[in-house]
Every structure is written in structure tokens, then in C-alpha cells.
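coords_22.cif follows (mmCIF, C-alpha atoms, pLDDT in the B column; chains and numbers go by the auth columns):
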```cif
data_upload
#
loop_
_atom_site.group_PDB
_atom_site.id
_atom_site.type_symbol
_atom_site.label_atom_id
_atom_site.label_comp_id
_atom_site.label_asym_id
_atom_site.label_seq_id
_atom_site.Cartn_x
_atom_site.Cartn_y
_atom_site.Cartn_z
_atom_site.B_iso_or_equiv
_atom_site.auth_seq_id
_atom_site.auth_asym_id
ATOM 1 C CA MET A 1 342.660 222.581 274.037 67.00 211 A
ATOM 2 C CA SER A 2 344.474 222.045 270.731 80.00 212 A
ATOM 3 C CA ASN A 3 344.205 218.281 271.346 83.00 213 A
ATOM 4 C CA GLN A 4 340.436 218.612 271.660 88.00 214 A
ATOM 5 C CA ILE A 5 340.266 220.558 268.408 90.00 215 A
ATOM 6 C CA LEU A 6 342.405 217.945 266.627 87.00 216 A
ATOM 7 C CA ILE A 7 340.280 215.100 267.996 88.00 217 A
ATOM 8 C CA PHE A 8 337.112 216.927 266.936 92.00 218 A
ATOM 9 C CA LEU A 9 338.440 217.479 263.406 90.00 219 A
ATOM 10 C CA LEU A 10 339.674 213.874 263.055 87.00 220 A
ATOM 11 C CA ASP A 11 336.429 212.450 264.353 90.00 221 A
ATOM 12 C CA THR A 12 334.243 214.746 262.254 92.00 222 A
ATOM 13 C CA ILE A 13 336.006 214.638 258.889 93.00 223 A
ATOM 14 C CA LEU A 14 337.019 210.977 258.932 93.00 224 A
ATOM 15 C CA GLY A 15 333.781 210.003 260.677 93.00 225 A
ATOM 16 C CA LEU A 16 331.711 211.579 257.910 95.00 226 A
ATOM 17 C CA PHE A 17 333.736 209.736 255.289 96.00 227 A
ATOM 18 C CA SER A 18 333.273 206.473 257.179 96.00 228 A
ATOM 19 C CA LEU A 19 329.536 207.215 257.315 96.00 229 A
ATOM 20 C CA ALA A 20 329.504 207.747 253.543 96.00 230 A
ATOM 21 C CA LEU A 21 331.230 204.383 253.034 96.00 231 A
ATOM 22 C CA LEU A 22 328.765 202.633 255.350 96.00 232 A
ATOM 23 C CA LEU A 23 325.772 204.222 253.633 94.00 233 A
ATOM 24 C CA ARG A 24 327.146 203.154 250.261 94.00 234 A
ATOM 25 C CA PHE A 25 327.520 199.591 251.571 95.00 235 A
ATOM 26 C CA TYR A 26 323.979 199.489 252.996 93.00 236 A
ATOM 27 C CA PHE A 27 322.408 201.143 249.958 91.00 237 A
ATOM 28 C CA GLN A 28 323.878 198.391 247.799 91.00 238 A
ATOM 29 C CA LEU A 29 322.978 195.658 250.292 90.00 239 A
ATOM 30 C CA LEU A 30 319.374 196.813 250.644 87.00 240 A
ATOM 31 C CA ARG A 31 318.985 197.487 246.911 84.00 241 A
ATOM 32 C CA VAL A 32 318.224 201.174 247.311 84.00 242 A
ATOM 33 C CA PRO A 33 317.637 202.665 243.837 80.00 243 A
ATOM 34 C CA TYR A 34 320.902 203.614 242.188 79.00 244 A
ATOM 35 C CA TYR A 35 319.597 206.656 240.346 83.00 245 A
ATOM 36 C CA ASN A 36 318.786 209.028 243.173 84.00 246 A
ATOM 37 C CA SER A 37 320.801 212.031 244.271 87.00 247 A
ATOM 38 C CA ILE A 38 321.969 210.560 247.582 89.00 248 A
ATOM 39 C CA SER A 39 323.230 207.335 245.998 89.00 249 A
ATOM 40 C CA GLN A 40 324.972 209.309 243.287 92.00 250 A
ATOM 41 C CA PHE A 41 326.600 211.566 245.898 93.00 251 A
ATOM 42 C CA LEU A 42 327.827 208.594 247.941 93.00 252 A
ATOM 43 C CA ILE A 43 329.305 206.960 244.864 92.00 253 A
ATOM 44 C CA ALA A 44 330.994 210.185 243.732 93.00 254 A
ATOM 45 C CA ALA A 45 332.390 210.878 247.210 95.00 255 A
ATOM 46 C CA THR A 46 333.781 207.391 247.835 95.00 256 A
ATOM 47 C CA ASP A 47 334.610 205.989 244.388 94.00 257 A
ATOM 48 C CA PHE A 48 338.230 207.173 244.474 95.00 258 A
ATOM 49 C CA ILE A 49 339.013 204.720 247.282 95.00 259 A
ATOM 50 C CA VAL A 50 336.404 201.988 246.701 94.00 260 A
ATOM 51 C CA ARG A 51 337.376 201.158 243.095 93.00 261 A
ATOM 52 C CA PRO A 52 341.056 200.433 243.882 94.00 262 A
ATOM 53 C CA ALA A 53 340.044 198.512 247.014 93.00 263 A
ATOM 54 C CA ARG A 54 337.753 196.249 244.965 91.00 264 A
ATOM 55 C CA ARG A 55 340.802 195.001 243.071 91.00 265 A
ATOM 56 C CA ILE A 56 342.309 193.804 246.350 93.00 266 A
ATOM 57 C CA ILE A 57 339.197 192.893 248.360 89.00 267 A
ATOM 58 C CA PRO A 58 336.647 190.966 246.300 85.00 268 A
ATOM 59 C CA GLY A 59 332.952 190.925 247.026 83.00 269 A
ATOM 60 C CA TRP A 60 331.368 187.885 248.593 85.00 270 A
ATOM 61 C CA GLY A 61 327.800 186.655 248.124 83.00 271 A
ATOM 62 C CA GLY A 62 326.650 189.975 246.693 80.00 272 A
ATOM 63 C CA LEU A 63 328.234 191.946 249.544 84.00 273 A
ATOM 64 C CA ASP A 64 330.558 194.818 248.724 89.00 274 A
ATOM 65 C CA LEU A 65 333.161 193.781 251.290 92.00 275 A
ATOM 66 C CA SER A 66 335.718 196.324 250.116 94.00 276 A
ATOM 67 C CA THR A 67 333.458 199.233 251.110 95.00 277 A
ATOM 68 C CA LEU A 68 332.634 197.677 254.487 95.00 278 A
ATOM 69 C CA ILE A 69 336.279 196.883 255.240 96.00 279 A
ATOM 70 C CA LEU A 70 337.314 200.401 254.233 96.00 280 A
ATOM 71 C CA ALA A 71 334.744 201.842 256.667 97.00 281 A
ATOM 72 C CA TRP A 72 336.059 199.541 259.415 97.00 282 A
ATOM 73 C CA LEU A 73 339.697 200.444 258.703 96.00 283 A
ATOM 74 C CA LEU A 74 338.788 204.124 258.772 96.00 284 A
ATOM 75 C CA GLU A 75 337.034 203.699 262.137 96.00 285 A
ATOM 76 C CA CYS A 76 340.095 201.842 263.477 95.00 286 A
ATOM 77 C CA GLY A 77 342.261 204.715 262.228 94.00 287 A
ATOM 78 C CA ILE A 78 340.047 207.303 263.908 94.00 288 A
ATOM 79 C CA ILE A 79 340.104 205.463 267.234 93.00 289 A
ATOM 80 C CA THR A 80 343.862 204.896 267.097 90.00 290 A
ATOM 81 C CA SER A 81 344.485 208.540 266.201 90.00 291 A
ATOM 82 C CA VAL A 82 342.330 209.752 269.076 90.00 292 A
ATOM 83 C CA TYR A 83 344.217 207.540 271.537 88.00 293 A
ATOM 84 C CA MET A 84 347.543 208.744 270.155 86.00 294 A
ATOM 85 C CA VAL A 85 346.525 212.411 270.431 87.00 295 A
ATOM 86 C CA GLN A 86 345.442 211.742 274.020 85.00 296 A
ATOM 87 C CA GLY A 87 348.921 210.393 274.731 80.00 297 A
ATOM 88 C CA TYR A 88 348.336 206.634 274.877 79.00 298 A
ATOM 89 C CA ASN A 89 351.588 204.705 274.345 79.00 299 A
ATOM 90 C CA PHE A 90 351.054 201.793 271.956 75.00 300 A
ATOM 91 C CA GLY A 91 354.714 200.762 271.990 73.00 301 A
ATOM 92 C CA ALA A 92 354.637 198.474 275.018 72.00 302 A
ATOM 93 C CA ASN A 93 351.787 196.232 273.869 78.00 303 A
ATOM 94 C CA ILE A 94 351.293 196.954 270.180 80.00 304 A
ATOM 95 C CA GLY A 95 349.770 193.545 269.375 81.00 305 A
ATOM 96 C CA THR A 96 347.118 193.678 272.081 84.00 306 A
ATOM 97 C CA ALA A 97 346.392 197.342 271.376 85.00 307 A
ATOM 98 C CA SER A 98 345.964 196.616 267.644 88.00 308 A
ATOM 99 C CA GLY A 99 343.463 193.862 268.404 91.00 309 A
ATOM 100 C CA ILE A 100 341.570 196.132 270.769 92.00 310 A
ATOM 101 C CA MET A 101 341.520 198.929 268.174 93.00 311 A
ATOM 102 C CA GLY A 102 340.100 196.436 265.655 95.00 312 A
ATOM 103 C CA LEU A 103 337.374 195.399 268.105 96.00 313 A
ATOM 104 C CA LEU A 104 336.567 199.023 268.882 96.00 314 A
ATOM 105 C CA GLY A 105 336.328 199.636 265.127 96.00 315 A
ATOM 106 C CA ILE A 106 333.727 196.860 264.856 97.00 316 A
ATOM 107 C CA VAL A 107 331.808 198.346 267.785 97.00 317 A
ATOM 108 C CA GLU A 108 331.811 201.762 266.077 97.00 318 A
ATOM 109 C CA ILE A 109 330.549 200.230 262.815 97.00 319 A
ATOM 110 C CA VAL A 110 327.698 198.513 264.687 97.00 320 A
ATOM 111 C CA LYS A 111 326.873 201.723 266.605 97.00 321 A
ATOM 112 C CA THR A 112 326.904 203.831 263.435 97.00 322 A
ATOM 113 C CA THR A 113 324.711 201.261 261.677 96.00 323 A
ATOM 114 C CA LEU A 114 322.169 201.402 264.486 97.00 324 A
ATOM 115 C CA TYR A 115 322.125 205.206 264.327 97.00 325 A
ATOM 116 C CA ILE A 116 321.700 205.116 260.539 96.00 326 A
ATOM 117 C CA VAL A 117 318.640 202.877 260.861 96.00 327 A
ATOM 118 C CA LEU A 118 317.286 204.945 263.759 96.00 328 A
ATOM 119 C CA ILE A 119 317.568 208.221 261.853 96.00 329 A
ATOM 120 C CA ALA A 120 316.150 206.702 258.654 94.00 330 A
ATOM 121 C CA ILE A 121 313.079 205.406 260.502 95.00 331 A
ATOM 122 C CA ILE A 122 312.503 208.737 262.241 94.00 332 A
ATOM 123 C CA MET A 123 312.902 210.617 258.941 94.00 333 A
ATOM 124 C CA GLN A 124 310.491 208.239 257.234 92.00 334 A
ATOM 125 C CA ALA A 125 307.897 208.692 259.986 88.00 335 A
ATOM 126 C CA VAL A 126 308.176 212.488 259.872 91.00 336 A
ATOM 127 C CA LEU A 127 307.993 212.530 256.063 89.00 337 A
ATOM 128 C CA SER A 128 304.902 210.313 256.104 84.00 338 A
ATOM 129 C CA TRP A 129 303.124 213.009 258.138 84.00 339 A
ATOM 130 C CA VAL A 130 304.582 216.110 256.483 89.00 340 A
ATOM 131 C CA ASN A 131 305.199 215.194 252.846 86.00 341 A
ATOM 132 C CA PRO A 132 304.508 211.545 251.978 83.00 342 A
ATOM 133 C CA HIS A 133 305.207 212.168 248.273 86.00 343 A
ATOM 134 C CA SER A 134 308.708 213.532 248.847 85.00 344 A
ATOM 135 C CA PRO A 135 311.432 212.221 246.491 83.00 345 A
ATOM 136 C CA LEU A 136 313.200 210.960 249.623 87.00 346 A
ATOM 137 C CA ALA A 137 310.239 208.762 250.641 87.00 347 A
ATOM 138 C CA PRO A 138 310.932 205.817 248.257 87.00 348 A
ATOM 139 C CA LEU A 139 314.612 205.801 249.228 88.00 349 A
ATOM 140 C CA LEU A 140 313.773 205.682 252.945 90.00 350 A
ATOM 141 C CA ASP A 141 311.115 203.046 252.318 89.00 351 A
ATOM 142 C CA ASN A 142 313.606 200.786 250.524 88.00 352 A
ATOM 143 C CA PHE A 143 316.151 201.305 253.276 90.00 353 A
ATOM 144 C CA THR A 144 313.847 200.701 256.264 92.00 354 A
ATOM 145 C CA ARG A 145 311.524 198.036 254.815 91.00 355 A
ATOM 146 C CA PRO A 146 313.673 195.027 255.902 91.00 356 A
ATOM 147 C CA PHE A 147 313.723 196.255 259.510 92.00 357 A
ATOM 148 C CA LEU A 148 310.063 197.222 259.694 92.00 358 A
ATOM 149 C CA SER A 149 308.715 194.168 257.850 92.00 359 A
ATOM 150 C CA VAL A 150 309.771 191.881 260.704 91.00 360 A
ATOM 151 C CA PHE A 151 307.287 193.630 262.993 90.00 361 A
ATOM 152 C CA ARG A 152 304.673 194.339 260.318 89.00 362 A
ATOM 153 C CA ARG A 153 304.154 190.588 259.935 91.00 363 A
ATOM 154 C CA TYR A 154 303.044 190.225 263.553 89.00 364 A
ATOM 155 C CA ILE A 155 301.671 193.652 264.500 86.00 365 A
ATOM 156 C CA PRO A 156 298.856 194.921 262.272 86.00 366 A
ATOM 157 C CA PRO A 157 298.180 198.659 261.970 85.00 367 A
ATOM 158 C CA ILE A 158 295.875 199.998 264.658 86.00 368 A
ATOM 159 C CA ALA A 159 293.401 202.538 263.231 86.00 369 A
ATOM 160 C CA ASN A 160 295.640 202.862 260.170 83.00 370 A
ATOM 161 C CA VAL A 161 298.663 203.682 262.360 84.00 371 A
ATOM 162 C CA ASP A 162 301.719 201.527 261.727 85.00 372 A
ATOM 163 C CA LEU A 163 303.368 200.787 265.076 87.00 373 A
ATOM 164 C CA SER A 164 306.306 198.847 263.649 90.00 374 A
ATOM 165 C CA PRO A 165 308.643 201.893 263.689 92.00 375 A
ATOM 166 C CA LEU A 166 308.046 202.252 267.424 92.00 376 A
ATOM 167 C CA PHE A 167 309.096 198.655 268.078 93.00 377 A
ATOM 168 C CA VAL A 168 312.176 198.954 265.854 95.00 378 A
ATOM 169 C CA LEU A 169 313.212 202.153 267.659 96.00 379 A
ATOM 170 C CA ILE A 170 312.851 200.420 271.043 96.00 380 A
ATOM 171 C CA ILE A 171 314.992 197.487 269.855 96.00 381 A
ATOM 172 C CA ILE A 172 317.613 199.896 268.475 97.00 382 A
ATOM 173 C CA GLN A 173 317.769 201.747 271.810 97.00 383 A
ATOM 174 C CA LEU A 174 318.280 198.447 273.647 98.00 384 A
ATOM 175 C CA LEU A 175 321.004 197.435 271.193 97.00 385 A
ATOM 176 C CA LEU A 176 322.720 200.822 271.606 98.00 386 A
ATOM 177 C CA MET A 177 322.824 200.229 275.380 98.00 387 A
ATOM 178 C CA ILE A 178 324.397 196.817 274.815 98.00 388 A
ATOM 179 C CA VAL A 179 326.927 198.282 272.364 97.00 389 A
ATOM 180 C CA ALA A 180 327.848 200.989 274.894 97.00 390 A
ATOM 181 C CA GLY A 181 328.479 198.301 277.522 97.00 391 A
ATOM 182 C CA VAL A 182 330.628 196.289 275.127 97.00 392 A
ATOM 183 C CA HIS A 183 332.580 199.445 274.256 96.00 393 A
ATOM 184 C CA VAL A 184 333.321 200.078 277.944 95.00 394 A
ATOM 185 C CA GLN A 185 334.455 196.468 278.460 95.00 395 A
ATOM 186 C CA ILE A 186 336.766 196.520 275.424 94.00 396 A
ATOM 187 C CA THR A 187 338.208 199.920 276.387 90.00 397 A
ATOM 188 C CA ALA A 188 338.907 198.584 279.894 89.00 398 A
ATOM 189 C CA MET A 189 341.226 195.964 278.356 86.00 399 A
ATOM 190 C CA LEU A 190 343.600 198.778 277.339 79.00 400 A
ATOM 191 C CA HIS A 191 344.297 199.762 280.936 73.00 401 A
#
```

Could you take the file, read its structure, and then write that structure out as C-alpha cells?
Amino acid sequence: MSNQILIFLLDTILGLFSLALLLRFYFQLLRVPYYNSISQFLIAATDFIVRPARRIIPGWGGLDLSTLILAWLLECGIITSVYMVQGYNFGANIGTASGIMGLLGIVEIVKTTLYIVLIAIIMQAVLSWVNPHSPLAPLLDNFTRPFLSVFRRYIPPIANVDLSPLFVLIIIQLLLMIVAGVHVQITAMLH
């Protein structure tokens, strides 16, 4: 039982920090306005580790690679810690296990990214019905516009109802199924 509590705490605390790093990366990538409370919170919460990392890991093509790599390393650390708490012995095949942990970290980053987009689209849809003039609305619009615009080009609104969120949510669900399958296949390589 104490192992389950430790795993829960590791996954929750470090997972939330990894989420903050990923959101910071995507906010910068998608040009979400800098001067909003969520952006300011993400910067304040992650700046202590991102600034030193930027000295070592430079950006590339406008991408803040240091933040993305930090999120990936944190996910790898979470996964490795969980396996260690569960009693997995890395000593016999440390090289293979390290590679697998790195792959699982990438899978977790992709899965978290899909959930971020999924939740943002759902929040945007709910806000458009409940409070379309909410201060959160422009932030969500900036964040989801690149994903929705792909479908908005080909699917016009029907009776003033934008169906593009529905199609994006279906694609995300399909991608989550694929990611789950990949996760199972990579995990099987450990045994």
C-alpha cells in the first residue's frame, strides 16, 4: 500500500510539473498571449529550471527545446521511478531499459499533448455556450485555432454550428488508442 501511495505522489506532483512545462512549451509555440494569468503562472512555476536549461539546450527554429526536453526528462524520471518502486531491476540490462524508458517518456509526452488539446477544445466549446466573453476565451482560441482550422477549411458551419471541434475530438480519440497500443508494445520489450 505504501508503494501505491509513493507512486501516486510521484506521478501527481512530478506529472503536474511536467504538464506545466509542456503547457509553457505549447503556449510559446502557438503564440498564446504572454500577458494572461495562466501564462504568467506557468512562467513563474517553471522559470527556476527553464532559465538554466536554456544555457545548455539552445532553441531551434523558434522552438523552446529546453522546456520540451525538460518535460521529456521529467516524464522519463517518473516512469523510471515508478518501475523502481514496483521492484523492477534495471541492473541486468541498463542500456536497453534506459532506451525503453526514453521511448516511454516520448509516448507520455504525446499522450499528455493529446489530452491538453482535447481538454482545451472541450473547455472552449463549453465556454462558447456558457460565457463566450470570458477572459479565458481568447487564450483557448489561440491555443486551439491551429487544430480546428484544418477542419474549418473543408467543413463549413451548419446552421451556425461549428462542427470542427467534433472532428478534432474524434481524431484525438483515435490517436489516443494508437498511443495506448504503442505504449503496450514498448512496455512488452521490458519483459

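Using all atoms listed in the file, the nearest neighbour of A:Ile382 within the list A:Ala335, A:Val394, A:Val327, A:Leu400 is A:Val327.
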
### Message
When you look at A:Thr323 with a cut-off of 10 Å (counting all atoms listed in the file), what residues show up, excluding the ones that are within fewer than 2 positions of it in the same chain? I need them as an MDAnalysis selection string.
### Response
chainID A and resid 229 232:233 236 317:321 325:329 382

### Query
From the list A:Gly287, A:Gly272, A:Pro366, A:Pro345, which residue is nearest A:Leu314 when using all atoms listed in the file?
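Result for the nearest residue to A:Leu314: A:Gly287.
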
### Task
Please evaluate the PyMOL selection byres ((chain A and resi 246) around 12) against the displayed coordinates and give the resulting residues as a list in words.
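Expected selection for the PyMOL selection byres ((chain A and resi 246) around 12) here is Phe237, Val242, Pro243, Tyr244, Tyr245, Ser247, Ile248, Ser249, Gln250, Phe251, Leu252, Ile253, Pro345, Leu346, Ala347, Pro348, Leu349 and Leu350 of chain A.
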
Picked residues, the PyMOL selection byres ((chain A and resi 357) around 12), as an mmCIF file with C-alpha atoms, in the frame of the given file:
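Written file, out35.cif:
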```cif
data_model
loop_
_atom_site.group_PDB
_atom_site.id
_atom_site.type_symbol
_atom_site.label_atom_id
_atom_site.label_comp_id
_atom_site.auth_asym_id
_atom_site.auth_seq_id
_atom_site.Cartn_x
_atom_site.Cartn_y
_atom_site.Cartn_z
ATOM 1 C CA LEU A 240 319.374 196.813 250.644
ATOM 2 C CA LEU A 324 322.169 201.402 264.486
ATOM 3 C CA ILE A 326 321.700 205.116 260.539
ATOM 4 C CA VAL A 327 318.640 202.877 260.861
ATOM 5 C CA LEU A 328 317.286 204.945 263.759
ATOM 6 C CA ALA A 330 316.150 206.702 258.654
ATOM 7 C CA ILE A 331 313.079 205.406 260.502
ATOM 8 C CA LEU A 350 313.773 205.682 252.945
ATOM 9 C CA ASP A 351 311.115 203.046 252.318
ATOM 10 C CA ASN A 352 313.606 200.786 250.524
ATOM 11 C CA PHE A 353 316.151 201.305 253.276
ATOM 12 C CA THR A 354 313.847 200.701 256.264
ATOM 13 C CA ARG A 355 311.524 198.036 254.815
ATOM 14 C CA PRO A 356 313.673 195.027 255.902
ATOM 15 C CA LEU A 358 310.063 197.222 259.694
ATOM 16 C CA SER A 359 308.715 194.168 257.850
ATOM 17 C CA VAL A 360 309.771 191.881 260.704
ATOM 18 C CA PHE A 361 307.287 193.630 262.993
ATOM 19 C CA ARG A 362 304.673 194.339 260.318
ATOM 20 C CA ARG A 363 304.154 190.588 259.935
ATOM 21 C CA SER A 374 306.306 198.847 263.649
ATOM 22 C CA PRO A 375 308.643 201.893 263.689
ATOM 23 C CA LEU A 376 308.046 202.252 267.424
ATOM 24 C CA PHE A 377 309.096 198.655 268.078
ATOM 25 C CA VAL A 378 312.176 198.954 265.854
ATOM 26 C CA LEU A 379 313.212 202.153 267.659
ATOM 27 C CA ILE A 381 314.992 197.487 269.855
ATOM 28 C CA ILE A 382 317.613 199.896 268.475
#
```

### Task
I would like the residues chosen by the PyMOL selection byres ((chain A and resi 290) around 10) on the shown file; could you give them as a ChimeraX atom specification?
/A:284-289,291-296,298,300,307-308,310-312,314-315

### Message
For a test of reading the model, state the distance in Å between atom CA of A:Trp270 and atom CA of A:Arg234, rounded to one decimal.
### Response
15.9 Å

### Query
How many Å lie between atom CA of A:Phe227 and atom CA of A:Arg265, rounded to one decimal?
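So the two atoms, atom CA of A:Phe227 and atom CA of A:Arg265, lie 20.4 Å apart.
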
### Message
So that I can check the surroundings of A:Val260, please list as a PyMOL selection string every protein, DNA and RNA residue that reaches within 12 Å of it, counting all atoms listed in the file and ignoring chain neighbours fewer than 5 positions away.
### Response
chain A and resi 227-228+230-232+234-235+252-255+265-269+274-281

### Message
With distances taken over all atoms listed in the file, which residue among A:Gly391, A:Gln214, A:His401, A:Val371 lies nearest A:Trp339?
### Response
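Smallest separation from A:Trp339 among the options: A:Val371.
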
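The interatomic distance for the pair atom CA of A:Gln238 and atom CA of A:Gln383 works out to 25.0 Å.
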
### Task
Check the smallest atom-to-atom distance from each of A:Thr306, A:Asn341, A:Asn213, A:Thr256 to A:Met399 using all atoms listed in the file, then report the winner.
A:Thr306

### Query
Which residue, A:Ala398, A:Ile304, A:Val336, A:Leu273, has the smallest gap to A:Leu239 when you use all atoms listed in the file?
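Among the listed residues, A:Leu273 lies closest to A:Leu239.
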
### Task
Measuring atom to atom with only C-alpha atoms, identify which of A:Gly271, A:Gly309, A:Pro342, A:Pro262 is nearest to A:Thr397.
A:Gly309

Fill-in result for stretch 241-251 of chain A, all heavy atoms as a PDB file, in the frame of the given file:
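Written file, out.pdb:
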```pdb
ATOM      1  N   ARG A 241     319.485 197.231 248.262  1.00 84.00           N
ATOM      2  CA  ARG A 241     318.985 197.487 246.911  1.00 84.00           C
ATOM      3  C   ARG A 241     318.227 198.820 246.804  1.00 84.00           C
ATOM      4  O   ARG A 241     317.154 198.903 246.200  1.00 84.00           O
ATOM      5  CB  ARG A 241     318.095 196.357 246.428  1.00 84.00           C
ATOM      6  CG  ARG A 241     318.682 194.980 246.565  1.00 84.00           C
ATOM      7  CD  ARG A 241     319.401 194.564 245.324  1.00 84.00           C
ATOM      8  NE  ARG A 241     319.796 193.161 245.377  1.00 84.00           N
ATOM      9  CZ  ARG A 241     321.044 192.762 245.582  1.00 84.00           C
ATOM     10  NH1 ARG A 241     321.988 193.635 245.763  1.00 84.00           N
ATOM     11  NH2 ARG A 241     321.346 191.480 245.603  1.00 84.00           N
ATOM     12  N   VAL A 242     318.793 199.833 247.432  1.00 84.00           N
ATOM     13  CA  VAL A 242     318.224 201.174 247.311  1.00 84.00           C
ATOM     14  C   VAL A 242     318.454 201.622 245.870  1.00 84.00           C
ATOM     15  O   VAL A 242     319.520 201.382 245.306  1.00 84.00           O
ATOM     16  CB  VAL A 242     318.897 202.135 248.314  1.00 84.00           C
ATOM     17  CG1 VAL A 242     318.457 203.565 248.092  1.00 84.00           C
ATOM     18  CG2 VAL A 242     318.585 201.692 249.742  1.00 84.00           C
ATOM     19  N   PRO A 243     317.475 202.260 245.240  1.00 80.00           N
ATOM     20  CA  PRO A 243     317.637 202.665 243.837  1.00 80.00           C
ATOM     21  C   PRO A 243     318.929 203.440 243.593  1.00 80.00           C
ATOM     22  O   PRO A 243     319.279 204.347 244.343  1.00 80.00           O
ATOM     23  CB  PRO A 243     316.410 203.553 243.580  1.00 80.00           C
ATOM     24  CG  PRO A 243     315.405 203.102 244.576  1.00 80.00           C
ATOM     25  CD  PRO A 243     316.178 202.660 245.778  1.00 80.00           C
ATOM     26  N   TYR A 244     319.598 203.047 242.543  1.00 79.00           N
ATOM     27  CA  TYR A 244     320.902 203.614 242.188  1.00 79.00           C
ATOM     28  C   TYR A 244     320.794 205.050 241.696  1.00 79.00           C
ATOM     29  O   TYR A 244     321.655 205.872 241.967  1.00 79.00           O
ATOM     30  CB  TYR A 244     321.538 202.724 241.118  1.00 79.00           C
ATOM     31  CG  TYR A 244     322.864 203.188 240.617  1.00 79.00           C
ATOM     32  CD1 TYR A 244     324.007 202.992 241.377  1.00 79.00           C
ATOM     33  CD2 TYR A 244     322.986 203.812 239.381  1.00 79.00           C
ATOM     34  CE1 TYR A 244     325.240 203.419 240.915  1.00 79.00           C
ATOM     35  CE2 TYR A 244     324.205 204.246 238.910  1.00 79.00           C
ATOM     36  CZ  TYR A 244     325.335 204.034 239.679  1.00 79.00           C
ATOM     37  OH  TYR A 244     326.550 204.464 239.223  1.00 79.00           O
ATOM     38  N   TYR A 245     319.726 205.337 240.982  1.00 83.00           N
ATOM     39  CA  TYR A 245     319.597 206.656 240.346  1.00 83.00           C
ATOM     40  C   TYR A 245     318.798 207.624 241.222  1.00 83.00           C
ATOM     41  O   TYR A 245     317.724 208.057 240.870  1.00 83.00           O
ATOM     42  CB  TYR A 245     318.964 206.534 238.965  1.00 83.00           C
ATOM     43  CG  TYR A 245     319.863 205.798 238.015  1.00 83.00           C
ATOM     44  CD1 TYR A 245     319.599 204.494 237.641  1.00 83.00           C
ATOM     45  CD2 TYR A 245     321.005 206.409 237.526  1.00 83.00           C
ATOM     46  CE1 TYR A 245     320.445 203.818 236.788  1.00 83.00           C
ATOM     47  CE2 TYR A 245     321.857 205.739 236.666  1.00 83.00           C
ATOM     48  CZ  TYR A 245     321.565 204.441 236.306  1.00 83.00           C
ATOM     49  OH  TYR A 245     322.412 203.770 235.469  1.00 83.00           O
ATOM     50  N   ASN A 246     319.327 207.943 242.365  1.00 84.00           N
ATOM     51  CA  ASN A 246     318.786 209.028 243.173  1.00 84.00           C
ATOM     52  C   ASN A 246     319.965 209.879 243.616  1.00 84.00           C
ATOM     53  O   ASN A 246     321.112 209.438 243.571  1.00 84.00           O
ATOM     54  CB  ASN A 246     317.955 208.512 244.361  1.00 84.00           C
ATOM     55  CG  ASN A 246     318.797 207.775 245.373  1.00 84.00           C
ATOM     56  OD1 ASN A 246     319.694 208.344 245.987  1.00 84.00           O
ATOM     57  ND2 ASN A 246     318.500 206.490 245.555  1.00 84.00           N
ATOM     58  N   SER A 247     319.706 211.084 244.017  1.00 87.00           N
ATOM     59  CA  SER A 247     320.801 212.031 244.271  1.00 87.00           C
ATOM     60  C   SER A 247     321.695 211.604 245.432  1.00 87.00           C
ATOM     61  O   SER A 247     322.906 211.823 245.387  1.00 87.00           O
ATOM     62  CB  SER A 247     320.238 213.426 244.520  1.00 87.00           C
ATOM     63  OG  SER A 247     319.330 213.402 245.600  1.00 87.00           O
ATOM     64  N   ILE A 248     321.138 210.968 246.442  1.00 89.00           N
ATOM     65  CA  ILE A 248     321.969 210.560 247.582  1.00 89.00           C
ATOM     66  C   ILE A 248     322.899 209.419 247.183  1.00 89.00           C
ATOM     67  O   ILE A 248     324.085 209.442 247.509  1.00 89.00           O
ATOM     68  CB  ILE A 248     321.089 210.183 248.789  1.00 89.00           C
ATOM     69  CG1 ILE A 248     320.342 211.417 249.266  1.00 89.00           C
ATOM     70  CG2 ILE A 248     321.928 209.604 249.911  1.00 89.00           C
ATOM     71  CD1 ILE A 248     319.364 211.185 250.373  1.00 89.00           C
ATOM     72  N   SER A 249     322.379 208.433 246.474  1.00 89.00           N
ATOM     73  CA  SER A 249     323.230 207.335 245.998  1.00 89.00           C
ATOM     74  C   SER A 249     324.334 207.853 245.093  1.00 89.00           C
ATOM     75  O   SER A 249     325.499 207.444 245.214  1.00 89.00           O
ATOM     76  CB  SER A 249     322.406 206.297 245.242  1.00 89.00           C
ATOM     77  OG  SER A 249     321.505 205.651 246.087  1.00 89.00           O
ATOM     78  N   GLN A 250     323.975 208.756 244.203  1.00 92.00           N
ATOM     79  CA  GLN A 250     324.972 209.309 243.287  1.00 92.00           C
ATOM     80  C   GLN A 250     326.041 210.093 244.052  1.00 92.00           C
ATOM     81  O   GLN A 250     327.224 210.019 243.719  1.00 92.00           O
ATOM     82  CB  GLN A 250     324.289 210.214 242.257  1.00 92.00           C
ATOM     83  CG  GLN A 250     323.392 209.468 241.300  1.00 92.00           C
ATOM     84  CD  GLN A 250     324.161 208.456 240.458  1.00 92.00           C
ATOM     85  OE1 GLN A 250     325.208 208.767 239.911  1.00 92.00           O
ATOM     86  NE2 GLN A 250     323.652 207.240 240.388  1.00 92.00           N
ATOM     87  N   PHE A 251     325.634 210.838 245.081  1.00 93.00           N
ATOM     88  CA  PHE A 251     326.600 211.566 245.898  1.00 93.00           C
ATOM     89  C   PHE A 251     327.546 210.610 246.614  1.00 93.00           C
ATOM     90  O   PHE A 251     328.763 210.827 246.642  1.00 93.00           O
ATOM     91  CB  PHE A 251     325.877 212.450 246.925  1.00 93.00           C
ATOM     92  CG  PHE A 251     326.817 213.029 247.947  1.00 93.00           C
ATOM     93  CD1 PHE A 251     327.620 214.109 247.623  1.00 93.00           C
ATOM     94  CD2 PHE A 251     326.904 212.481 249.214  1.00 93.00           C
ATOM     95  CE1 PHE A 251     328.503 214.639 248.557  1.00 93.00           C
ATOM     96  CE2 PHE A 251     327.780 212.995 250.149  1.00 93.00           C
ATOM     97  CZ  PHE A 251     328.587 214.084 249.822  1.00 93.00           C
TER      98      PHE A 251
END
```
